[in-house]
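Notes for the one structure printed next.
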Amino acid sequence: MTKEESHTVINKLSGISAELAEIRSDMEGLSKNAAICNEENFNKRAEASDFLEFHIIDRLDSLRPKTAEVTALKDRAEKLKTQLDEIDSKLFKKIRAGIRAGQYSGAYFKNLVSKYFDLNAADKRDEPDYDNLDIFINRLLTAEPPPRETRKLEPEMVFYQKTPARVIFELAEKVNFGIDDVFFDIGSGLGQAVMLVNLATGIKAVGVEFEPAFCDYAKRAATELDLNRVTFINTDARDADYSKGTVFFMYTPFKGEILKDVLELLRKEALNRKISIITYGPCTAAVVLQRWLKPDRTVIGNIYEAAVFTAAP
Ligand SMILES: C[S@@+](CC[C@H](N)C(=O)[O-])C[C@H]1O[C@@H](n2cnc3c(N)ncnc32)[C@H](O)[C@@H]1O
């Protein structure tokens with residue numbers, strides 16, 4: 001080995017030992033942090049879990065040589081991660097049982113979620129913004145992994161992406177839902193918006209979804225929670241019956257001619273009764289041009305803020 005080569009090896013080894021020392025100290029810090037094991041601290045636990053996965057386990061995986069200390073540290077990190085996952089599993093088992101027992105509906109549901117998150121914390125967003133609240137709601141509403149699509153979307157149809165949970169809580173607050181209102185999510189995906197609106201307001205909520213696997217998944221999730229005022233219909237939005245709906249939500253499920261056709265169906269519904277349409281994402285720009293609808297604001301600057309439109313008969 002030349003002098004230069006041995007310098008490179010020495011530098012590399014001292015880099016590794018510095019990195020190992022940093023990981024060791026991070027691991028010590030997490031192990032001593034009793035707060036993350038407190039059931040109520042979901043947020044802190046989610047951050048710790050992320051840190052364990054991406055800053056400890058992943059880094060240990062990339063370290064060479066795999067010394068006994070590297071292996072022992074990884075083992076410790078994985079054990080702590082499993083321990084944190086188990087605390088969450090117990091927490092969600094308890095909350096889901098409470099939902100089934102009817103303990104959390106309307107204000108009770110919002111109070112429950114507010115114990116873990118500040119639902120009024122709204123930032124300016126220029127894209128769908130997800131946070132730990134979405135992880136919490138995912139775990140709370142569904143117990144199985146999402147399915148694969150089975151149908152090819154037409155070119156104007158938009159693929160599945162969920163509305164951030166924070167936006168759904170905001171809209172539940174913004175729209176003054178009455179107990180006789182019926183909420184429709186047009187292009188309801190895995191059903192989260194439908195279930196959340198039902199839980200946060202107690203009103204009837206219906207999802208219309210083109211993809212059968214998504215619709216079946218949503219139905220199972222609602223049945224497991226005994227949400228008996230929630231329905232999912234597997235159909236193309238152009239063929240759905242909107243006659244029972246009063247508030248229609250669209251997170252840009254489609255564009256172009258399909259959007260035009262569905263808006264025309266809603267316009268016809270609006271001839272018979274007062275309805276509201278809530279949009280989120282790029283479809284807001286098309287809906288704002290509809291002269292039969294009145295937006296809740298004079299300027300809609302941000303498409304990633306739910307916009308409410310009303311139509312009087
Ligand atoms: C952007 S995602 C919105 C998901 C859901 N609203 C949510 O917030 O979680 C759009 C959804 O619309 C569905 N979709 C697209 N075209 C449709 C159509 N013609 N009829 C019904 N659903 C459609 C897609 O399968 C997808 O699940």
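Residue names in the structure tokens use chain letters A, B, ... in the order shown, residue numbers from 1 in each chain, and ligand numbers from 1 in the order shown.
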9 Å shell around ligand 1 using only C-alpha atoms and all ligand atoms, listed as a PyMOL selection string: chain A and resi 149+151+153-154+156-165+168+185-194+207-212+214-215+234-240+249-255+258-259+262+280-281
Could you give me the residues within region 186-229 of chain A that DSSP places in strand (DSSP E or B), as a ChimeraX atom specification? /A:186,204-209
Output N, CA and C atoms for every residue in the selection just made, as a CSV table (one decimal), in the first residue's frame.
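As a result, selection18.csv now contains:
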chain,number,residue,atom,x,y,z
A,186,ILE,N,-67.1,13.0,-5.2
A,186,ILE,CA,-67.1,12.5,-6.5
A,186,ILE,C,-65.7,12.1,-6.9
A,204,LYS,N,-74.9,12.1,6.6
A,204,LYS,CA,-74.7,11.0,5.6
A,204,LYS,C,-73.7,11.4,4.6
A,205,ALA,N,-72.8,10.4,4.2
A,205,ALA,CA,-71.8,10.7,3.2
A,205,ALA,C,-71.7,9.6,2.2
A,206,VAL,N,-71.5,10.0,1.0
A,206,VAL,CA,-71.5,9.0,-0.1
A,206,VAL,C,-70.3,9.2,-1.0
A,207,GLY,N,-69.7,8.1,-1.4
A,207,GLY,CA,-68.5,8.2,-2.3
A,207,GLY,C,-68.9,7.6,-3.6
A,208,VAL,N,-68.4,8.2,-4.7
A,208,VAL,CA,-68.7,7.7,-6.0
A,208,VAL,C,-67.3,7.4,-6.6
A,209,GLU,N,-67.0,6.2,-7.0
A,209,GLU,CA,-65.6,5.9,-7.4
A,209,GLU,C,-65.7,4.9,-8.6
Per-residue DSSP, region 37-197 of chain A, filtered to alpha helix (DSSP H), as a VMD selection string: chain A and resid 42 to 51 58 to 62 68 to 100 107 to 114 132 to 141 165 to 174 192 to 197
Do a neighbour search on Arg45 (chain A) at 10 Å with only C-alpha atoms, toss out local chain neighbours closer than 6 positions, and write the hits as a list in words.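 Using only C-alpha atoms, the neighbours found are Asn33, Ala35, Ile36, Cys37, Asn38, Glu39, Phe51, Lys81, Leu84, Asp85, Ile87 and Asp88 of chain A.
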Could you pull the residues within 9 Å of Arg267 (chain A), counting only C-alpha atoms, minus those fewer than 6 positions along the same chain, as an mmCIF file with N, CA and C atoms, in the first residue's frame?
data_model
loop_
_atom_site.group_PDB
_atom_site.id
_atom_site.type_symbol
_atom_site.label_atom_id
_atom_site.label_comp_id
_atom_site.auth_asym_id
_atom_site.auth_seq_id
_atom_site.Cartn_x
_atom_site.Cartn_y
_atom_site.Cartn_z
ATOM 1 N N TRP A 292 -73.285 29.667 -13.185
ATOM 2 C CA TRP A 292 -74.415 29.327 -12.315
ATOM 3 C C TRP A 292 -73.962 29.104 -10.862
ATOM 4 N N LEU A 293 -72.643 29.170 -10.646
ATOM 5 C CA LEU A 293 -72.117 28.947 -9.288
ATOM 6 C C LEU A 293 -71.505 30.227 -8.738
ATOM 7 N N ALA A 311 -75.018 27.215 -5.326
ATOM 8 C CA ALA A 311 -75.937 27.423 -6.447
ATOM 9 C C ALA A 311 -77.339 27.420 -5.891
#
Please list as a ChimeraX atom specification every residue within 12 Å of Phe136 (chain A), counting only C-alpha atoms and excluding residues in the same chain fewer than 6 positions away. /A:40-43,45-46,88-89,91-92,95-96,112-117,130,142-143,164-166
Gly245 (chain A): which residues within 10 Å, counting only C-alpha atoms, same-chain residues fewer than 6 positions away excluded, as a list in words?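 These residues fall inside the cut-off: Asp180, Asp181, Val182, Phe183, Phe184, Asp185, Lys204, Ala205, Val206, Leu266, Glu269, Arg273, Lys274, Ile275 and Ser276 of chain A.
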